[in-house]
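File shown: upload.txt. Contents: compact mmCIF, C-alpha atoms.
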```txt
# COMPACT_ATOMS: atom_id res chain seq x y z
CA MET J 1 -11.59 68.83 189.23
CA ARG J 2 -12.78 65.25 189.39
CA TYR J 3 -16.22 64.14 190.53
CA LEU J 4 -17.14 60.54 191.30
CA PHE J 5 -20.83 59.80 191.73
CA GLY J 6 -21.74 56.61 193.54
CA GLY J 7 -24.76 55.13 195.24
CA LYS J 8 -27.24 52.30 195.32
CA GLY J 9 -28.49 50.97 192.01
CA GLY J 10 -31.42 52.87 190.54
CA VAL J 11 -31.17 56.07 192.59
CA GLY J 12 -30.30 58.12 189.49
CA LYS J 13 -26.51 58.25 189.49
CA THR J 14 -26.38 58.41 185.71
CA THR J 15 -28.98 61.18 185.50
CA ILE J 16 -27.28 63.23 188.21
CA SER J 17 -23.80 62.83 186.76
CA ALA J 18 -25.00 63.56 183.22
CA ALA J 19 -26.88 66.63 184.44
CA TYR J 20 -23.86 67.84 186.36
CA ALA J 21 -21.54 67.24 183.41
CA ALA J 22 -23.94 69.16 181.16
CA HIS J 23 -23.94 71.99 183.68
CA ARG J 24 -20.13 72.07 183.94
CA ALA J 25 -19.77 71.94 180.17
CA THR J 26 -21.22 75.44 179.92
CA THR J 27 -18.01 76.83 181.45
CA ALA J 28 -15.32 74.11 181.24
CA ARG J 29 -14.12 71.30 179.00
CA THR J 30 -15.78 68.27 180.54
CA LEU J 31 -15.50 64.53 180.09
CA LEU J 32 -18.20 62.22 181.39
CA VAL J 33 -17.00 58.65 181.98
CA SER J 34 -19.29 55.74 182.81
CA THR J 35 -17.56 52.84 184.56
CA ASP J 36 -20.77 50.84 184.77
CA THR J 37 -20.64 47.40 183.18
CA SER J 38 -24.06 48.04 181.62
CA PRO J 39 -23.83 51.74 180.84
CA SER J 40 -26.80 53.87 179.82
CA LEU J 41 -25.26 57.17 178.75
CA SER J 42 -26.46 56.50 175.21
CA ASP J 43 -30.06 56.43 176.44
CA ILE J 44 -29.77 59.60 178.45
CA PHE J 45 -28.13 61.69 175.73
CA GLU J 46 -30.34 60.05 173.10
CA ARG J 47 -27.41 59.33 170.82
CA GLU J 48 -24.84 56.58 170.38
CA ILE J 49 -21.97 56.76 172.87
CA GLY J 50 -19.49 53.93 172.80
CA ALA J 51 -16.11 52.87 174.08
CA GLU J 52 -14.59 55.67 172.02
CA GLU J 53 -14.66 59.24 173.16
CA THR J 54 -17.74 60.93 171.71
CA ARG J 55 -18.38 64.64 171.39
CA VAL J 56 -21.86 65.41 172.68
CA GLU J 57 -21.58 69.16 172.61
CA GLU J 58 -18.90 71.76 172.06
CA ASN J 59 -17.34 71.28 175.49
CA LEU J 60 -18.91 68.03 176.58
CA PHE J 61 -17.40 64.63 175.81
CA ALA J 62 -18.69 61.27 176.95
CA ILE J 63 -17.31 57.75 177.04
CA GLU J 64 -18.57 54.40 178.24
CA ILE J 65 -15.86 52.10 179.55
CA ASN J 66 -16.27 48.70 177.97
CA ALA J 67 -14.22 45.95 179.61
CA ALA J 68 -14.47 43.58 176.64
CA VAL J 69 -13.22 46.16 174.14
CA ALA J 70 -10.41 47.23 176.47
CA MET J 71 -9.36 43.60 176.95
CA GLU J 72 -9.31 42.95 173.21
CA ARG J 73 -7.15 46.02 172.62
CA TYR J 74 -4.77 45.01 175.42
CA LYS J 75 -4.49 41.44 174.16
CA LYS J 76 -3.87 42.54 170.59
CA GLU J 77 -1.11 44.88 171.69
CA LEU J 78 0.55 42.18 173.81
CA ARG J 79 0.31 39.57 171.06
CA ALA J 80 1.95 41.95 168.61
CA ARG J 81 4.79 42.64 171.01
CA ILE J 82 5.33 38.94 171.71
CA GLU J 83 5.32 38.12 168.01
CA ALA J 84 7.88 40.88 167.47
CA LEU J 85 10.23 39.02 169.81
CA ASN J 86 10.25 36.15 167.32
CA MET J 87 11.23 33.43 169.78
CA ASP J 88 10.42 29.77 170.22
CA PHE J 89 8.68 28.73 173.41
CA ASP J 90 7.56 25.39 174.63
CA PHE J 91 4.34 26.75 176.06
CA ASP J 92 1.43 28.31 174.29
CA VAL J 93 1.43 32.06 174.88
CA LYS J 94 -1.73 32.75 172.91
CA THR J 95 -3.79 30.25 174.87
CA TYR J 96 -2.36 31.66 178.06
CA LEU J 97 -3.42 35.20 177.10
CA GLU J 98 -6.94 33.96 176.32
CA ALA J 99 -7.13 32.08 179.61
CA MET J 100 -5.93 35.06 181.63
CA THR J 101 -8.55 37.39 180.23
CA LEU J 102 -11.25 34.86 181.12
CA SER J 103 -10.00 34.25 184.65
CA PRO J 104 -11.96 35.68 187.60
CA GLY J 105 -11.04 39.25 188.39
CA ALA J 106 -9.77 40.04 184.91
CA GLN J 107 -12.93 41.97 184.08
CA GLU J 108 -12.57 44.16 187.15
CA ALA J 109 -8.89 44.66 186.52
CA ALA J 110 -9.68 45.77 182.97
CA VAL J 111 -12.29 48.23 184.20
CA PHE J 112 -9.86 49.52 186.81
CA ASP J 113 -7.13 49.89 184.20
CA GLU J 114 -9.40 51.94 181.95
CA PHE J 115 -10.75 53.92 184.88
CA SER J 116 -7.26 54.87 186.05
CA ALA J 117 -6.21 55.82 182.52
CA HIS J 118 -9.12 58.27 182.35
CA LEU J 119 -8.61 59.46 185.92
CA LEU J 120 -5.06 60.55 185.09
CA ARG J 121 -6.11 62.60 182.08
CA GLU J 122 -5.00 66.20 182.13
CA ASP J 123 -6.58 67.40 178.88
CA PHE J 124 -9.94 68.15 180.53
CA ASP J 125 -10.84 70.78 183.10
CA CYS J 126 -13.49 68.64 184.70
CA LEU J 127 -13.89 64.87 184.81
CA VAL J 128 -17.21 63.42 185.92
CA PHE J 129 -17.39 59.69 186.66
CA ASP J 130 -20.64 57.81 186.73
CA THR J 131 -19.70 54.70 188.68
CA ALA J 132 -21.38 51.32 188.99
CA PRO J 133 -23.66 50.57 191.98
CA ALA J 134 -22.09 51.04 195.42
CA GLY J 135 -20.55 47.60 195.92
CA GLU J 136 -18.59 47.62 192.69
CA THR J 137 -17.46 51.21 193.21
CA LEU J 138 -16.17 50.26 196.62
CA ARG J 139 -14.17 47.44 195.10
CA LEU J 140 -12.85 49.73 192.40
CA LEU J 141 -11.64 52.27 194.93
CA ALA J 142 -10.33 49.69 197.39
CA MET J 143 -8.50 48.05 194.49
CA SER J 144 -6.43 51.19 194.00
CA SER J 145 -4.94 50.81 197.49
CA LEU J 146 -4.36 47.08 197.15
CA ILE J 147 -2.80 47.27 193.69
CA GLN J 148 -0.55 50.12 194.75
CA ARG J 149 0.77 48.01 197.64
CA TRP J 150 1.15 44.93 195.46
CA MET J 151 3.10 46.92 192.87
CA GLY J 152 5.38 48.12 195.67
CA ILE J 153 6.19 44.52 196.59
CA ILE J 154 6.80 43.51 192.97
CA VAL J 155 9.14 46.43 192.35
CA ARG J 156 11.08 45.76 195.54
CA THR J 157 11.52 42.07 194.66
CA ARG J 158 12.65 42.88 191.14
CA ARG J 159 15.17 45.43 192.45
CA GLU J 160 16.69 42.74 194.67
CA VAL J 161 16.85 40.31 191.74
CA VAL J 162 18.58 42.92 189.59
CA ARG J 163 21.08 43.75 192.35
CA LEU J 164 22.00 40.08 192.73
CA LYS J 165 22.34 39.67 188.98
CA GLU J 166 24.68 42.63 188.93
CA VAL J 167 26.81 40.97 191.60
CA LEU J 168 26.96 37.73 189.62
CA THR J 169 27.31 38.90 186.04
CA GLY J 170 28.61 42.42 186.22
CA ARG J 171 26.59 45.23 184.64
CA PHE J 172 22.98 44.20 184.11
CA LYS J 173 20.39 46.35 182.37
CA ASP J 174 16.81 45.35 183.03
CA PRO J 175 14.09 46.69 180.69
CA LEU J 176 11.49 44.98 182.85
CA LEU J 177 12.35 47.13 185.84
CA GLN J 178 11.80 50.21 183.71
CA GLN J 179 8.33 48.98 182.72
CA LEU J 180 7.54 48.09 186.32
CA ALA J 181 8.60 51.50 187.54
CA GLU J 182 6.25 53.10 185.01
CA MET J 183 3.37 50.91 186.18
CA LYS J 184 4.07 51.64 189.82
CA ASP J 185 4.26 55.34 189.14
CA LYS J 186 0.88 55.18 187.38
CA PHE J 187 -0.85 53.42 190.26
CA ASP J 188 0.79 55.71 192.81
CA ARG J 189 -0.58 58.68 190.92
CA VAL J 190 -4.05 57.10 190.77
CA LYS J 191 -4.07 56.65 194.52
CA ARG J 192 -2.77 60.16 195.11
CA ILE J 193 -5.42 61.65 192.83
CA LEU J 194 -8.21 59.67 194.48
CA HIS J 195 -7.17 61.08 197.85
CA ALA J 196 -6.51 64.61 196.58
CA PRO J 197 -8.76 67.47 197.72
CA THR J 198 -9.72 68.21 194.10
CA THR J 199 -11.38 64.80 193.79
CA HIS J 200 -14.90 64.66 195.12
CA LEU J 201 -16.61 61.43 196.05
CA ILE J 202 -20.32 62.09 196.10
CA PHE J 203 -23.13 59.68 196.91
CA VAL J 204 -26.56 59.94 195.36
CA LEU J 205 -29.55 58.76 197.36
CA ASN J 206 -33.34 58.93 197.38
CA PRO J 207 -35.49 59.79 200.38
CA GLU J 208 -36.19 56.11 201.02
CA LYS J 209 -35.00 53.69 203.63
CA LEU J 210 -32.82 51.35 201.56
CA PRO J 211 -30.68 53.94 199.77
CA ILE J 212 -30.03 55.71 203.09
CA GLU J 213 -28.86 52.53 204.78
CA GLU J 214 -26.71 51.51 201.84
CA THR J 215 -25.12 54.96 201.66
CA HIS J 216 -24.23 54.79 205.35
CA ARG J 217 -22.62 51.39 204.86
CA ALA J 218 -20.73 52.52 201.78
CA ILE J 219 -19.39 55.63 203.53
CA ALA J 220 -18.29 53.58 206.53
CA ASN J 221 -16.51 51.13 204.22
CA LEU J 222 -14.79 53.88 202.27
CA GLN J 223 -13.59 55.47 205.50
CA ARG J 224 -11.89 52.20 206.32
CA PHE J 225 -9.79 52.76 203.22
CA LYS J 226 -9.24 56.42 204.24
CA PHE J 227 -11.36 57.87 201.46
CA HIS J 228 -12.99 61.21 201.99
CA VAL J 229 -16.64 61.28 200.99
CA GLU J 230 -17.57 64.84 200.14
CA GLY J 231 -21.29 64.50 200.73
CA VAL J 232 -24.60 63.35 199.34
CA VAL J 233 -27.02 64.53 196.69
CA VAL J 234 -30.67 63.84 197.34
CA ASN J 235 -32.43 62.86 194.14
CA ARG J 236 -36.16 62.51 193.37
CA SER J 237 -37.29 64.58 196.28
CA VAL J 238 -41.01 65.43 196.06
CA SER J 239 -41.10 67.90 198.92
CA THR J 240 -40.83 70.84 196.53
CA ASN J 241 -43.26 69.55 193.92
CA ALA J 242 -46.97 70.00 194.54
CA PRO J 243 -48.88 67.72 192.13
CA ILE J 244 -47.82 64.41 193.63
CA SER J 245 -49.87 62.06 195.75
CA ASN J 246 -49.90 62.93 199.44
CA GLY J 247 -48.90 59.47 200.55
CA LEU J 248 -45.55 59.59 198.79
CA GLN J 249 -44.94 63.09 200.06
CA ALA J 250 -45.59 62.03 203.64
CA THR J 251 -43.28 59.01 203.34
CA GLN J 252 -40.55 61.08 201.79
CA ALA J 253 -40.95 63.86 204.36
CA ARG J 254 -40.08 61.33 207.06
CA TYR J 255 -36.95 60.14 205.27
CA LEU J 256 -35.93 63.64 204.20
CA GLN J 257 -36.03 64.57 207.87
CA ARG J 258 -33.84 61.57 208.62
CA ILE J 259 -31.37 62.47 205.86
CA ARG J 260 -31.11 66.01 207.20
CA GLU J 261 -30.43 64.72 210.67
CA GLU J 262 -27.88 62.13 209.65
CA PHE J 263 -26.01 63.89 206.86
CA GLY J 264 -26.35 67.50 208.09
CA ASN J 265 -24.27 69.93 206.09
CA ARG J 266 -22.98 67.14 203.89
CA ILE J 267 -26.11 67.36 201.77
CA LEU J 268 -24.64 69.10 198.76
CA ALA J 269 -27.77 69.41 196.63
CA GLU J 270 -31.37 68.32 196.46
CA ALA J 271 -32.84 67.46 193.08
CA PRO J 272 -36.63 67.25 192.78
CA VAL J 273 -38.64 64.74 190.81
CA TRP J 274 -38.66 66.16 187.32
CA HIS J 275 -42.01 66.90 185.67
CA ASP J 276 -40.80 64.62 182.90
CA GLU J 277 -37.86 62.22 182.73
CA PRO J 278 -34.79 64.42 182.21
CA ARG J 279 -33.60 63.33 178.78
CA GLY J 280 -31.57 65.25 176.24
CA LEU J 281 -29.11 68.06 176.76
CA GLN J 282 -31.54 70.92 177.38
CA GLN J 283 -33.31 69.24 180.25
CA LEU J 284 -30.09 67.87 181.68
CA ARG J 285 -28.61 71.34 181.75
CA ALA J 286 -31.67 72.72 183.49
CA MET J 287 -31.34 69.99 186.09
CA GLY J 288 -27.62 70.66 186.36
CA GLU J 289 -28.41 74.21 187.49
CA ILE J 290 -29.74 72.73 190.71
CA LEU J 291 -26.46 70.87 191.23
CA SER J 292 -24.34 74.01 190.80
CA THR J 293 -23.70 73.93 194.56
CA LEU J 294 -21.23 71.10 193.85
CA ASP J 295 -18.93 73.48 191.96
CA HIS J 296 -17.40 74.62 195.21
CA ALA J 297 -18.11 71.48 197.17
CA SER J 298 -15.08 71.62 199.43
CA ALA J 299 -14.81 75.41 199.62
CA GLY J 300 -14.71 76.76 203.15
CA ARG J 301 -14.44 73.32 204.66
CA THR J 302 -11.22 71.73 205.84
CA ARG J 303 -10.59 68.25 204.64
CA LYS J 304 -9.86 66.78 208.01
CA GLY J 305 -12.67 67.96 210.20
CA PHE J 306 -15.68 67.04 208.14
CA LEU J 307 -18.34 65.83 210.50
CA ARG J 308 -16.02 63.04 211.52
CA HIS J 309 -17.63 62.67 214.93
CA LYS J 310 -20.97 61.93 213.33
CA PHE J 311 -19.76 59.39 210.83
CA ASP J 312 -17.40 57.58 213.13
CA LYS J 313 -20.38 56.39 215.12
CA ILE J 314 -21.75 54.36 212.22
CA MET I 315 65.90 25.78 180.03
CA LEU I 316 62.39 24.29 180.02
CA LEU I 317 60.76 27.26 178.38
CA ARG I 318 61.82 29.05 175.29
CA LYS I 319 62.01 32.79 175.44
CA ASP I 320 58.69 33.35 173.63
CA GLN I 321 56.89 30.85 175.89
CA ILE I 322 57.57 32.74 179.10
CA PHE I 323 54.86 35.34 178.80
CA PRO I 324 52.00 32.90 177.93
CA PHE I 325 53.16 30.67 180.76
CA LEU I 326 53.04 33.49 183.28
CA LYS I 327 49.63 34.51 181.97
CA ARG I 328 48.26 30.99 182.42
CA LEU I 329 49.78 30.78 185.85
CA TRP I 330 48.11 34.02 186.87
CA GLU I 331 44.74 32.85 185.48
CA ASN I 332 44.95 29.53 187.30
CA THR I 333 45.93 31.24 190.51
CA GLN I 334 42.91 33.49 190.12
CA LEU I 335 40.66 30.47 189.56
CA PHE I 336 42.16 28.68 192.54
CA LEU I 337 41.67 31.67 194.81
CA HIS I 338 38.15 32.18 193.51
CA ALA I 339 37.17 28.55 194.09
CA SER I 340 38.75 28.29 197.50
CA LEU I 341 37.72 31.67 198.90
CA ALA I 342 35.03 33.51 196.91
CA ASP I 343 32.98 30.75 195.36
CA GLN I 344 30.96 29.97 198.42
CA PHE I 345 29.76 33.57 198.49
CA TYR I 346 28.82 33.42 194.83
CA GLN I 347 27.01 30.17 195.40
CA HIS I 348 25.04 31.84 198.15
CA ALA I 349 24.24 34.73 195.82
CA ARG I 350 23.10 32.36 193.08
CA LYS I 351 20.82 30.48 195.47
CA ASP I 352 19.45 33.77 196.77
CA LEU I 353 18.87 34.95 193.23
CA ALA I 354 16.98 31.78 192.30
CA ARG I 355 14.78 32.11 195.37
CA LYS I 356 14.04 35.78 194.74
CA GLU I 357 13.34 35.22 191.05
CA ASP I 358 10.94 32.42 191.92
CA PHE I 359 9.15 34.72 194.34
CA PHE I 360 8.97 37.44 191.73
CA PHE I 361 7.45 35.03 189.23
CA ILE I 362 4.93 33.78 191.74
CA ILE I 363 3.62 37.24 192.64
CA CYS I 364 3.48 38.23 188.96
CA PHE I 365 2.30 35.08 187.22
CA GLY I 366 1.01 32.86 190.00
CA ASP I 367 -1.87 31.80 187.77
CA MET I 368 0.45 29.59 185.74
CA ILE I 369 1.05 27.31 188.69
CA GLY I 370 -2.41 27.66 190.17
CA MET I 371 -2.09 30.61 192.55
CA PRO I 372 -4.68 33.31 191.93
CA THR I 373 -3.06 36.69 191.36
CA PRO I 374 -4.35 39.79 189.53
CA THR I 375 -2.39 38.70 186.47
CA TYR I 376 -4.28 40.97 184.10
CA LEU I 377 -2.11 43.92 185.05
CA THR I 378 1.23 42.09 185.11
CA MET I 379 0.63 40.57 181.68
CA ARG I 380 2.25 43.79 180.46
CA LEU I 381 5.57 42.38 181.69
CA LEU I 382 5.24 39.21 179.65
CA PRO I 383 7.27 40.29 176.58
CA PHE I 384 10.27 41.08 178.78
CA ILE I 385 10.30 37.87 180.73
CA LEU I 386 8.87 35.24 178.43
CA GLN I 387 12.20 33.50 177.82
CA ASP I 388 12.57 32.64 181.54
CA ILE I 389 9.08 31.25 182.04
CA PRO I 390 9.46 27.64 180.78
CA LYS I 391 12.46 27.07 183.04
CA TRP I 392 10.65 28.50 186.00
CA ARG I 393 7.64 26.31 185.40
CA GLN I 394 9.84 23.24 185.23
CA ARG I 395 11.54 24.25 188.44
CA MET I 396 8.20 24.79 190.14
CA SER I 397 6.74 21.48 189.03
CA ARG I 398 9.72 19.48 190.24
CA GLU I 399 9.05 17.39 193.30
CA ARG I 400 10.59 18.83 196.41
CA ASN I 401 11.08 17.51 199.88
CA ARG I 402 11.33 20.40 202.27
CA PHE I 403 12.45 18.15 205.11
CA TRP I 404 15.34 16.78 203.08
CA GLU I 405 16.33 20.27 201.99
CA ALA I 406 16.35 21.45 205.59
CA TRP I 407 18.49 18.46 206.58
CA GLU I 408 20.99 19.25 203.82
CA GLU I 409 21.13 22.87 204.88
CA PHE I 410 21.73 21.77 208.45
CA MET I 411 24.55 19.40 207.44
CA ARG I 412 26.16 22.12 205.38
CA GLU I 413 26.11 24.46 208.37
CA LEU I 414 28.03 21.86 210.35
```
Would you mind writing the file's structure down as structure tokens?
Amino acid sequence: MRYLFGGKGGVGKTTISAAYAAHRATTARTLLVSTDTSPSLSDIFEREIGAEETRVEENLFAIEINAAVAMERYKKELRARIEALNMDFDFDVKTYLEAMTLSPGAQEAAVFDEFSAHLLREDFDCLVFDTAPAGETLRLLAMSSLIQRWMGIIVRTRREVVRLKEVLTGRFKDPLLQQLAEMKDKFDRVKRILHAPTTHLIFVLNPEKLPIEETHRAIANLQRFKFHVEGVVVNRSVSTNAPISNGLQATQARYLQRIREEFGNRILAEAPVWHDEPRGLQQLRAMGEILSTLDHASAGRTRKGFLRHKFDKI
Amino acid sequence: MLLRKDQIFPFLKRLWENTQLFLHASLADQFYQHARKDLARKEDFFFIICFGDMIGMPTPTYLTMRLLPFILQDIPKWRQRMSRERNRFWEAWEEFMREL
């Protein structure tokens, strides 16, 4: 099972995903991955969580994807392999590697690379992803489609090159094609997993105008790339809590009504404003109880006919 | 007799090789030439979609950098080829004349 939480910045994606991961960890081996460029898992678990996999609890592991660290590792590996070739070149490979990791888009590609490596992991029962604010998540997911297509073109071109070389020089063994096929297979699997029914894309929103609008836009955009959004989780709802000022309650009541109208049965859970900030494992697990409805998010619902009529209008 | 007895076999061998070369040049070579040109074009295209950054075309090179150790030896030549001045009109004219 894979859960991806997205949404506008500041709606509580990290809290919700951490709470849900804590809840799942009571029954299954769970890994919580933050793809945010400025991650805050360390703050929420009140302990240091870095680019390495950290054990938070018996069954709960957490990791913060760090593009800079990933890039360094990648560059080091490449440099070692190039040095192992022991060849003379008339252009500077090291400078080229440095330049490429500084070029625009390299950061996103690094994050995507790490993200896909974690997405393909099979050694956990449940993977929970805390993604960056909506725009970046969209790009991350859209990138999977684009890169998969691009890899297809590269592999096809290389096959033609190899075929022609075989014609001209007899038997020709190409190690590059092997590497390319591996890469293509990886990105194909990423795309397949992202579209699989066991992967749930869930948006977090607050009963306020801006998050609602942004969520609508994000869902419409994702549908353009044929992604299935499972539903929404309403966070920081005050309707169930009494000791809060009436003004806020009235405002939220209006927007909660709107959310119920517009998202209907796609509201998967509703988390109230916590009496205190949910920090630390105990509180997160208590909050996760509320989100237990996500455990069977797609149960009893077919993948194709999910309120399509309603969302196509947007 | 022009050839001694032990010279006959090498002579026949050379004759056969030269006949092969002659037939290759007169009949098959044009096809091979086509294949070589095709190969050069396809390899250039492959390089461009993988490492377009080197000649100023933005591509998501971060992911294809993995291929670098396999292909590094061909890159300098490709860059030279790409930076050579080309006249597409002249090339088209040559192609046209060849067709005639």
Work out how far CA of Ala134 (chain J) is from CA of Gln107 (chain J), in Å to one decimal.
17.2 Å
Using all atoms listed in the file, find the residues of chain J whose closest atom to chain I is at most 6 Å away, then write them as a CSV table (one decimal) with C-alpha atoms, in the frame of the given file.
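This went into iface22.csv:
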```csv
chain,number,residue,atom,x,y,z
J,82,ILE,CA,5.3,38.9,171.7
J,106,ALA,CA,-9.8,40.0,184.9
J,161,VAL,CA,16.8,40.3,191.7
J,176,LEU,CA,11.5,45.0,182.8
```
I want to know what sits within 9 Å of Arg79 (chain J), based on all atoms listed in the file, with residues of the same chain fewer than 3 positions away left out; could you give that as a PyMOL selection string?
(chain J and resi 74-76+82-84+93-94+97) or (chain I and resi 383)
Interatomic distance, CA of Met1 (chain J) to CA of Arg73 (chain J) (Å, one decimal)
28.6 Å
In Å, rounded to a single decimal, give me how far CA of Asn221 (chain J) is from CA of Ser145 (chain J).
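CA of Asn221 (chain J) lies 13.4 Å from CA of Ser145 (chain J).
All protein and nucleic acid residues in the vicinity of (9.0, 53.9, 191.5), that is within 12 Å when counting all atoms listed in the file, are Gln148, Arg149, Met151, Gly152, Ile153, Ile154, Val155, Arg156, Arg158, Arg159, Leu177, Gln178, Gln179, Leu180, Ala181, Glu182, Met183, Lys184, Asp185, Lys186, Phe187, Asp188 and Arg189 of chain J.
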Determine, counting only C-alpha atoms, which protein, DNA and RNA residues have an atom within 10 Å of an atom of Thr199 (chain J); residues of the same chain fewer than 2 positions away are not included. Present the result as an NGL selection string.
:J and (1-4 or 119 or 127-128 or 192-197 or 201-202 or 228-230 or 298)
Padding 4 Å on each side, edges along x, y and z: where is the centre of the box around the listed atoms of region 343-347 of chain I, and how long are its edges in Å to one decimal? Output it as lines of an AutoDock Vina configuration file.
```
center_x = 30.0
center_y = 31.8
center_z = 196.7
size_x = 14.0
size_y = 11.6
size_z = 11.7
```
So, counting all atoms listed in the file, which residue among J:His216, J:Lys165, J:Arg254, J:Lys226 is closest to Lys351 (chain I)?
J:Lys165
Top pick for closest residue to Glu136 (chain J), considering J:Pro104, J:Gly6, J:Gly247, J:Pro278 and counting all atoms listed in the file
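Checking each of J:Pro104, J:Gly6, J:Gly247, J:Pro278 against Glu136 (chain J), counting all atoms listed in the file, the winner is J:Gly6.
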Contacts of Lys8 (chain J) within 7 Å, all atoms listed in the file, excl. fewer than 3 positions in-chain, as a list in words
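Selected residues are Val11, Pro133, Ala134, Pro211 and Glu214 of chain J.
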Limited to C-alpha atoms, could you put the picked residues into a file as a PDB file, in the frame of the given file?
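New file part_12.pdb:
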```pdb
ATOM      1  CA  VAL J  11     -31.170  56.070 192.590  1.00  0.00           C
ATOM      2  CA  PRO J 133     -23.660  50.570 191.980  1.00  0.00           C
ATOM      3  CA  ALA J 134     -22.090  51.040 195.420  1.00  0.00           C
ATOM      4  CA  PRO J 211     -30.680  53.940 199.770  1.00  0.00           C
ATOM      5  CA  GLU J 214     -26.710  51.510 201.840  1.00  0.00           C
TER       6      GLU J 214
END
```
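Using all atoms listed in the file, the protein and nucleic acid residues lying no more than 9 Å from Leu222 (chain J), apart from those fewer than 5 places from it along its own chain, are Leu138, Leu141, Ala142, Arg217, Phe227, His228 and Val229 of chain J.
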List the neighbours of region 53-56 of chain J out to 12 Å using all atoms listed in the file; skip same-chain residues closer than 6 positions along the sequence, and give me the result as a ChimeraX atom specification.
/J:18,21-22,25,29-34,41-42,44-47,62-66,118,280-281
Check the smallest atom-to-atom distance from each of J:Arg258, J:Pro175, J:Val162, J:Pro272 to Glu289 (chain J) using only C-alpha atoms, then report the winner.
J:Pro272
